[in-house]
$ cat model-v3.txt   # compact mmCIF, C-alpha atoms
# COMPACT_ATOMS: atom_id res chain seq x y z
CA MET A 28 -8.46 17.81 117.78
CA LYS A 29 -6.97 15.97 120.73
CA PHE A 30 -3.65 14.21 120.30
CA THR A 31 -5.29 10.91 121.23
CA ASP A 32 -7.71 11.41 118.33
CA LEU A 33 -4.67 11.60 116.05
CA LEU A 34 -3.27 8.44 117.62
CA TRP A 35 -6.53 6.58 117.08
CA ALA A 36 -6.76 7.67 113.44
CA GLU A 37 -3.15 6.69 112.75
CA ALA A 38 -3.54 3.17 114.15
CA LEU A 39 -7.16 2.63 113.06
CA PRO A 40 -6.25 0.04 110.38
CA VAL A 41 -4.50 -1.98 113.08
CA PHE A 42 -7.51 -1.78 115.40
CA GLU A 43 -9.86 -2.86 112.63
CA LYS A 44 -7.75 -5.96 112.00
CA ILE A 45 -7.76 -6.72 115.72
CA GLN A 46 -11.53 -6.37 115.85
CA LEU A 47 -12.00 -8.66 112.86
CA HIS A 48 -9.41 -11.19 113.99
CA PRO A 49 -10.89 -14.71 114.32
CA PHE A 50 -9.93 -14.79 118.00
CA ASN A 51 -12.17 -11.84 118.84
CA GLN A 52 -14.92 -12.79 116.42
CA GLU A 53 -15.12 -16.30 117.84
CA LEU A 54 -14.90 -14.92 121.38
CA ARG A 55 -17.84 -12.66 120.54
CA GLU A 56 -19.80 -15.62 119.18
CA GLY A 57 -18.82 -17.87 122.08
CA THR A 58 -17.32 -20.38 119.63
CA LEU A 59 -13.63 -19.81 120.39
CA PRO A 60 -12.06 -23.21 121.12
CA LEU A 61 -11.36 -23.57 124.81
CA GLU A 62 -7.77 -24.59 124.15
CA LYS A 63 -7.11 -21.22 122.52
CA PHE A 64 -8.80 -19.28 125.31
CA LYS A 65 -6.78 -21.17 127.91
CA PHE A 66 -3.58 -20.38 126.00
CA TYR A 67 -4.60 -16.73 125.86
CA ILE A 68 -5.43 -16.54 129.59
CA TYR A 69 -2.07 -18.02 130.54
CA GLN A 70 -0.18 -15.64 128.25
CA ASP A 71 -2.27 -12.71 129.47
CA SER A 72 -1.38 -13.49 133.08
CA LEU A 73 2.31 -13.33 132.14
CA TYR A 74 1.70 -10.14 130.18
CA LEU A 75 -0.14 -8.37 133.00
CA ALA A 76 2.66 -9.04 135.46
CA ASP A 77 5.13 -7.18 133.25
CA PHE A 78 2.57 -4.57 132.26
CA ALA A 79 2.16 -3.74 135.95
CA ARG A 80 5.92 -3.33 136.29
CA ALA A 81 6.05 -1.03 133.26
CA LEU A 82 3.20 1.06 134.66
CA ALA A 83 4.95 1.40 138.01
CA VAL A 84 8.20 2.47 136.35
CA ALA A 85 6.30 4.99 134.20
CA GLY A 86 4.81 6.47 137.36
CA THR A 87 8.26 7.22 138.76
CA LYS A 88 8.82 9.51 135.76
CA ALA A 89 5.64 11.51 136.31
CA GLY A 90 6.01 15.23 136.79
CA ASN A 91 3.56 15.40 139.68
CA SER A 92 2.29 13.27 142.54
CA HIS A 93 -1.20 12.97 141.03
CA GLU A 94 0.03 11.14 137.96
CA LEU A 95 2.46 9.09 140.04
CA LEU A 96 -0.50 7.87 142.10
CA ASP A 97 -2.53 7.28 138.93
CA PHE A 98 0.11 4.97 137.48
CA LEU A 99 0.66 3.15 140.73
CA HIS A 100 -3.11 2.62 140.84
CA PHE A 101 -3.05 1.36 137.24
CA ALA A 102 -0.29 -1.08 138.22
CA GLN A 103 -2.24 -2.26 141.24
CA ASN A 104 -5.35 -2.82 139.13
CA ALA A 105 -3.37 -4.85 136.59
CA ILE A 106 -2.16 -7.11 139.38
CA LEU A 107 -5.65 -7.43 140.87
CA VAL A 108 -7.11 -8.37 137.47
CA GLU A 109 -4.36 -10.93 137.01
CA ARG A 110 -5.15 -12.45 140.38
CA ALA A 111 -8.95 -12.35 140.30
CA LEU A 112 -9.83 -13.04 136.67
CA HIS A 113 -6.93 -15.23 135.73
CA LEU A 114 -6.65 -17.25 138.91
CA GLY A 115 -10.38 -17.87 138.61
CA TYR A 116 -9.97 -19.18 135.08
CA PHE A 117 -6.85 -21.13 136.05
CA LYS A 118 -8.91 -23.01 138.62
CA GLU A 119 -12.00 -23.40 136.44
CA TYR A 120 -10.13 -24.69 133.41
CA VAL A 121 -7.28 -26.39 135.29
CA ILE A 122 -4.63 -24.26 133.59
CA ASP A 123 -1.14 -25.14 134.78
CA TYR A 124 1.19 -24.24 131.96
CA GLN A 125 4.92 -24.15 132.55
CA SER A 126 6.02 -23.22 129.05
CA GLY A 127 6.60 -19.53 129.73
CA LYS A 128 5.99 -16.67 127.33
CA ALA A 129 5.14 -17.38 123.72
CA PRO A 130 7.04 -15.24 121.17
CA GLY A 131 4.18 -12.73 120.83
CA CYS A 132 3.90 -12.16 124.57
CA PHE A 133 7.69 -12.00 124.90
CA ALA A 134 7.94 -9.35 122.19
CA TYR A 135 5.16 -7.19 123.61
CA THR A 136 6.22 -7.29 127.26
CA ASN A 137 9.85 -6.65 126.45
CA TYR A 138 8.90 -3.70 124.28
CA LEU A 139 6.89 -2.10 127.09
CA MET A 140 9.58 -2.78 129.67
CA ALA A 141 12.19 -1.22 127.37
CA MET A 142 10.00 1.82 126.79
CA SER A 143 9.44 2.34 130.51
CA ALA A 144 13.16 1.94 131.28
CA PHE A 145 14.76 3.94 128.51
CA GLU A 146 12.24 6.32 126.97
CA SER A 147 10.82 9.61 128.22
CA TYR A 148 7.69 9.73 130.33
CA GLU A 149 5.67 11.03 127.36
CA VAL A 150 6.74 8.23 125.01
CA THR A 151 6.26 5.59 127.70
CA VAL A 152 2.68 6.73 128.34
CA ALA A 153 1.90 6.52 124.62
CA ALA A 154 3.37 3.01 124.43
CA LEU A 155 1.27 1.84 127.38
CA LEU A 156 -1.96 3.38 126.10
CA PRO A 157 -3.05 0.70 123.56
CA CYS A 158 -3.44 -1.91 126.28
CA PHE A 159 -5.96 0.39 127.96
CA TRP A 160 -7.73 1.82 124.95
CA ILE A 161 -7.81 -1.08 122.50
CA TYR A 162 -8.92 -3.52 125.19
CA LYS A 163 -11.71 -1.16 126.18
CA GLN A 164 -12.86 -0.74 122.58
CA ILE A 165 -12.73 -4.49 121.91
CA GLY A 166 -14.50 -5.21 125.19
CA ASP A 167 -17.29 -2.75 124.34
CA TYR A 168 -17.63 -4.15 120.81
CA ILE A 169 -17.88 -7.74 121.98
CA TYR A 170 -20.25 -6.83 124.83
CA ALA A 171 -22.60 -5.02 122.43
CA ASN A 172 -22.54 -7.73 119.77
CA GLN A 173 -22.04 -10.95 121.69
CA THR A 174 -23.95 -14.15 121.33
CA THR A 175 -25.62 -15.05 124.62
CA PRO A 176 -25.22 -17.08 126.67
CA ASN A 177 -21.47 -16.81 126.19
CA PRO A 178 -18.98 -19.10 127.95
CA TYR A 179 -16.53 -16.21 128.14
CA GLN A 180 -18.91 -13.77 129.83
CA ASN A 181 -16.59 -13.02 132.76
CA TRP A 182 -13.85 -11.83 130.43
CA ILE A 183 -16.30 -9.73 128.42
CA ASP A 184 -17.76 -8.09 131.52
CA ALA A 185 -14.32 -7.28 132.95
CA TYR A 186 -13.21 -5.21 129.97
CA ALA A 187 -16.57 -3.58 129.27
CA GLY A 188 -17.11 -2.45 132.86
CA GLU A 189 -17.28 1.09 134.24
CA ASP A 190 -14.23 0.73 136.48
CA PHE A 191 -12.03 -0.12 133.52
CA ALA A 192 -13.60 2.69 131.48
CA HIS A 193 -12.64 5.18 134.21
CA SER A 194 -9.01 4.04 134.12
CA VAL A 195 -8.93 4.25 130.33
CA GLN A 196 -10.24 7.82 130.33
CA LYS A 197 -7.67 8.84 132.92
CA ALA A 198 -4.86 7.38 130.81
CA LEU A 199 -6.18 9.21 127.73
CA ASP A 200 -6.33 12.49 129.61
CA ILE A 201 -2.75 12.12 130.83
CA CYS A 202 -1.53 11.36 127.30
CA ASP A 203 -3.33 14.40 125.86
CA HIS A 204 -1.94 16.67 128.57
CA LEU A 205 1.60 15.46 127.94
CA ALA A 206 1.26 15.86 124.18
CA ASP A 207 -0.06 19.40 124.56
CA ASN A 208 3.19 20.37 126.26
CA ALA A 209 5.56 18.26 124.17
CA SER A 210 7.81 19.19 121.26
CA GLU A 211 6.99 18.01 117.75
CA LYS A 212 9.86 15.55 117.97
CA THR A 213 8.45 14.05 121.17
CA ARG A 214 4.94 13.92 119.72
CA ALA A 215 6.31 12.02 116.73
CA ARG A 216 7.99 9.52 119.06
CA MET A 217 4.74 9.18 121.01
CA MET A 218 2.91 8.41 117.78
CA GLU A 219 5.50 5.81 116.79
CA ALA A 220 5.35 4.14 120.21
CA TYR A 221 1.55 4.02 120.17
CA VAL A 222 1.38 2.48 116.70
CA THR A 223 4.08 -0.09 117.53
CA ALA A 224 2.29 -1.14 120.71
CA SER A 225 -0.98 -1.37 118.77
CA ARG A 226 0.67 -3.72 116.31
CA LEU A 227 1.91 -5.81 119.22
CA GLU A 228 -1.67 -5.98 120.51
CA TYR A 229 -2.57 -7.66 117.23
CA VAL A 230 0.46 -9.95 117.51
CA PHE A 231 -0.62 -10.98 121.02
CA TRP A 232 -4.13 -12.04 119.96
CA ASP A 233 -2.85 -13.71 116.82
CA SER A 234 -0.28 -15.60 118.88
CA ALA A 235 -3.03 -16.99 121.11
CA TYR A 236 -5.21 -17.99 118.17
CA ARG A 237 -2.33 -19.86 116.56
CA LEU A 238 -1.21 -21.42 119.88
CA GLU A 239 2.17 -19.98 119.00
CA GLN A 240 5.31 -21.83 120.07
CA TRP A 241 8.97 -21.04 119.71
CA ALA A 242 10.30 -22.39 116.41
CA ILE A 243 13.48 -23.60 118.07
$ encode --input "model-v3.txt" --output "structure tokens"
Amino acid sequence: MKFTDLLWAEALPVFEKIQLHPFNQELREGTLPLEKFKFYIYQDSLYLADFARALAVAGTKAGNSHELLDFLHFAQNAILVERALHLGYFKEYVIDYQSGKAPGCFAYTNYLMAMSAFESYEVTVAALLPCFWIYKQIGDYIYANQTTPNPYQNWIDAYAGEDFAHSVQKALDICDHLADNASEKTRARMMEAYVTASRLEYVFWDSAYRLEQWAI
């Protein structure tokens, strides 16, 4: 069994709650209130900027030039998605928020930045993986079960596309390769990082659905 299979099994209850979350169910049905989608898009644009930074830092820890280039490419793609998809939505929906990161986005981005700065390459890769893998799985699920026409079709198509699938598979392969050559202690830390990041994926969607604001 691949290490990523173990990761998926360990965090499966988290994924199932993400899949069944009202945000994703209403997105699938096309009934998600626009206000919540706009909140999500704004927060996601802030998230992707830091995610790209974390990916770039992770690449500097790679043991070979191939993986360095892979992570730099991942970072570039994150920036391109932020620009193309999010700037398109910003214009379409006249999104011009100045409130900054909501608590859920703040927690998730700071966790990934801390992992990339202070943890080993192996643990960092595991922490970054849920954003690839869970988004791909959610995108595929919504694409296969969506109500059409769907006002959020552009978002659905972006995360269910072949280009994104290729990046996800590459990230999975890198994680498995690293785990195959890691100590049991490192594998345990990779597992912990993956599960924590998966939980923060849930927190991010839940934050958008609740239009989360700072309490003080």
$ closest_residue --input "model-v3.txt" --among "A:His204, A:Trp160, A:Glu43, A:Tyr168" --to "Ala192 in chain A" --atoms "all atoms listed in the file"
A:Trp160
$ axis_aligned_box --input "model-v3.txt" --around "range 171-179 of chain A" --padding-each-side "8 Å" --output "lines of an AutoDock Vina configuration file"
center_x = -21.1
center_y = -12.1
center_z = 124.0
size_x = 25.1
size_y = 30.1
size_z = 24.4
$ closest_residue --input "model-v3.txt" --among "A:Tyr186, A:Tyr170, A:Tyr236, A:Phe231" --to "Leu73 in chain A" --atoms "only C-alpha atoms"
A:Phe231
$ closest_residue --input "model-v3.txt" --among "A:Glu189, A:Ala242, A:Leu139, A:Ser72" --to "Ala111 in chain A" --atoms "all atoms listed in the file"
A:Ser72
$ closest_residue --input "model-v3.txt" --among "A:Gly188, A:Pro178, A:Gly86, A:Pro40" --to "Phe64 in chain A" --atoms "all atoms listed in the file"
A:Pro178
$ atom_distance --input "model-v3.txt" --atom1 "CA of Ala79 in chain A" --atom2 "CA of Arg226 in chain A"
19.7 Å
$ atom_distance --input "model-v3.txt" --atom1 "CA of Phe78 in chain A" --atom2 "CA of Gln173 in chain A"
27.5 Å
$ residues_near_point --input "model-v3.txt" --point "(4.2, 1.4, 124.5)" --cutoff "12 Å" --atoms "all atoms listed in the file" --output "MDAnalysis selection string"
chainID A and resid 78 81:82 85 134:160 202 216:228
$ atom_distance --input "model-v3.txt" --atom1 "CA of Asn172 in chain A" --atom2 "CA of Phe42 in chain A"
16.7 Å
$ closest_residue --input "model-v3.txt" --among "A:Leu54, A:Ala129, A:Leu61, A:Ala76" --to "Tyr116 in chain A" --atoms "only C-alpha atoms"
A:Leu61
$ closest_residue --input "model-v3.txt" --among "A:Glu53, A:Asp203, A:Glu62, A:Asp97" --to "Tyr120 in chain A" --atoms "only C-alpha atoms"
A:Glu62
$ residues_around --input "model-v3.txt" --residues "Leu96 in chain A" --least-positions-apart "4" --cutoff "12 Å" --atoms "all atoms listed in the file" --output "VMD selection string"
chain A and resid 82 to 92 100 to 103 197
$ residues_around --input "model-v3.txt" --residues "Pro49 in chain A" --least-positions-apart "6" --cutoff "10 Å" --atoms "only C-alpha atoms" --output "count of residues only"
5
$ decode --input "model-v3.txt" --residues "range 146-167 of chain A" --atoms "N, CA and C atoms" --output "short mmCIF file (atom, residue, chain, number, x, y, z; two decimals), in the first residue's frame"
data_model
loop_
_atom_site.label_atom_id
_atom_site.label_comp_id
_atom_site.auth_asym_id
_atom_site.auth_seq_id
_atom_site.Cartn_x
_atom_site.Cartn_y
_atom_site.Cartn_z
N GLU A 146 9.88 23.06 9.05
CA GLU A 146 9.84 21.60 9.04
C GLU A 146 10.71 21.04 7.92
N SER A 147 10.92 19.75 7.95
CA SER A 147 11.69 19.06 6.91
C SER A 147 10.94 19.09 5.59
N TYR A 148 11.65 18.80 4.54
CA TYR A 148 11.04 18.74 3.20
C TYR A 148 9.89 17.73 3.18
N GLU A 149 10.12 16.56 3.78
CA GLU A 149 9.10 15.50 3.77
C GLU A 149 7.81 15.95 4.45
N VAL A 150 7.94 16.56 5.62
CA VAL A 150 6.77 16.99 6.38
C VAL A 150 6.06 18.15 5.67
N THR A 151 6.85 19.04 5.09
CA THR A 151 6.27 20.16 4.34
C THR A 151 5.43 19.67 3.17
N VAL A 152 5.95 18.71 2.43
CA VAL A 152 5.22 18.16 1.28
C VAL A 152 3.88 17.56 1.74
N ALA A 153 3.90 16.84 2.84
CA ALA A 153 2.67 16.23 3.35
C ALA A 153 1.67 17.29 3.78
N ALA A 154 2.16 18.39 4.36
CA ALA A 154 1.26 19.47 4.79
C ALA A 154 0.63 20.19 3.60
N LEU A 155 1.37 20.27 2.50
CA LEU A 155 0.86 20.97 1.31
C LEU A 155 -0.07 20.10 0.47
N LEU A 156 -0.01 18.80 0.67
CA LEU A 156 -0.74 17.86 -0.19
C LEU A 156 -2.27 18.01 -0.15
N PRO A 157 -2.91 18.24 1.02
CA PRO A 157 -4.37 18.31 1.02
C PRO A 157 -4.95 19.36 0.08
N CYS A 158 -4.26 20.49 -0.07
CA CYS A 158 -4.79 21.51 -0.97
C CYS A 158 -4.84 21.00 -2.41
N PHE A 159 -3.91 20.16 -2.79
CA PHE A 159 -3.96 19.52 -4.10
C PHE A 159 -5.06 18.46 -4.14
N TRP A 160 -4.93 17.50 -3.26
CA TRP A 160 -5.69 16.26 -3.35
C TRP A 160 -7.16 16.45 -3.00
N ILE A 161 -7.43 17.13 -1.89
CA ILE A 161 -8.81 17.31 -1.47
C ILE A 161 -9.56 18.19 -2.48
N TYR A 162 -8.91 19.23 -2.97
CA TYR A 162 -9.56 20.07 -3.97
C TYR A 162 -9.88 19.28 -5.23
N LYS A 163 -8.98 18.42 -5.63
CA LYS A 163 -9.22 17.60 -6.81
C LYS A 163 -10.40 16.66 -6.58
N GLN A 164 -10.43 16.01 -5.43
CA GLN A 164 -11.52 15.09 -5.13
C GLN A 164 -12.86 15.81 -5.02
N ILE A 165 -12.87 16.97 -4.39
CA ILE A 165 -14.11 17.75 -4.29
C ILE A 165 -14.54 18.25 -5.66
N GLY A 166 -13.56 18.72 -6.45
CA GLY A 166 -13.87 19.19 -7.80
C GLY A 166 -14.48 18.09 -8.65
N ASP A 167 -13.91 16.89 -8.58
CA ASP A 167 -14.43 15.75 -9.36
C ASP A 167 -15.84 15.37 -8.89
#
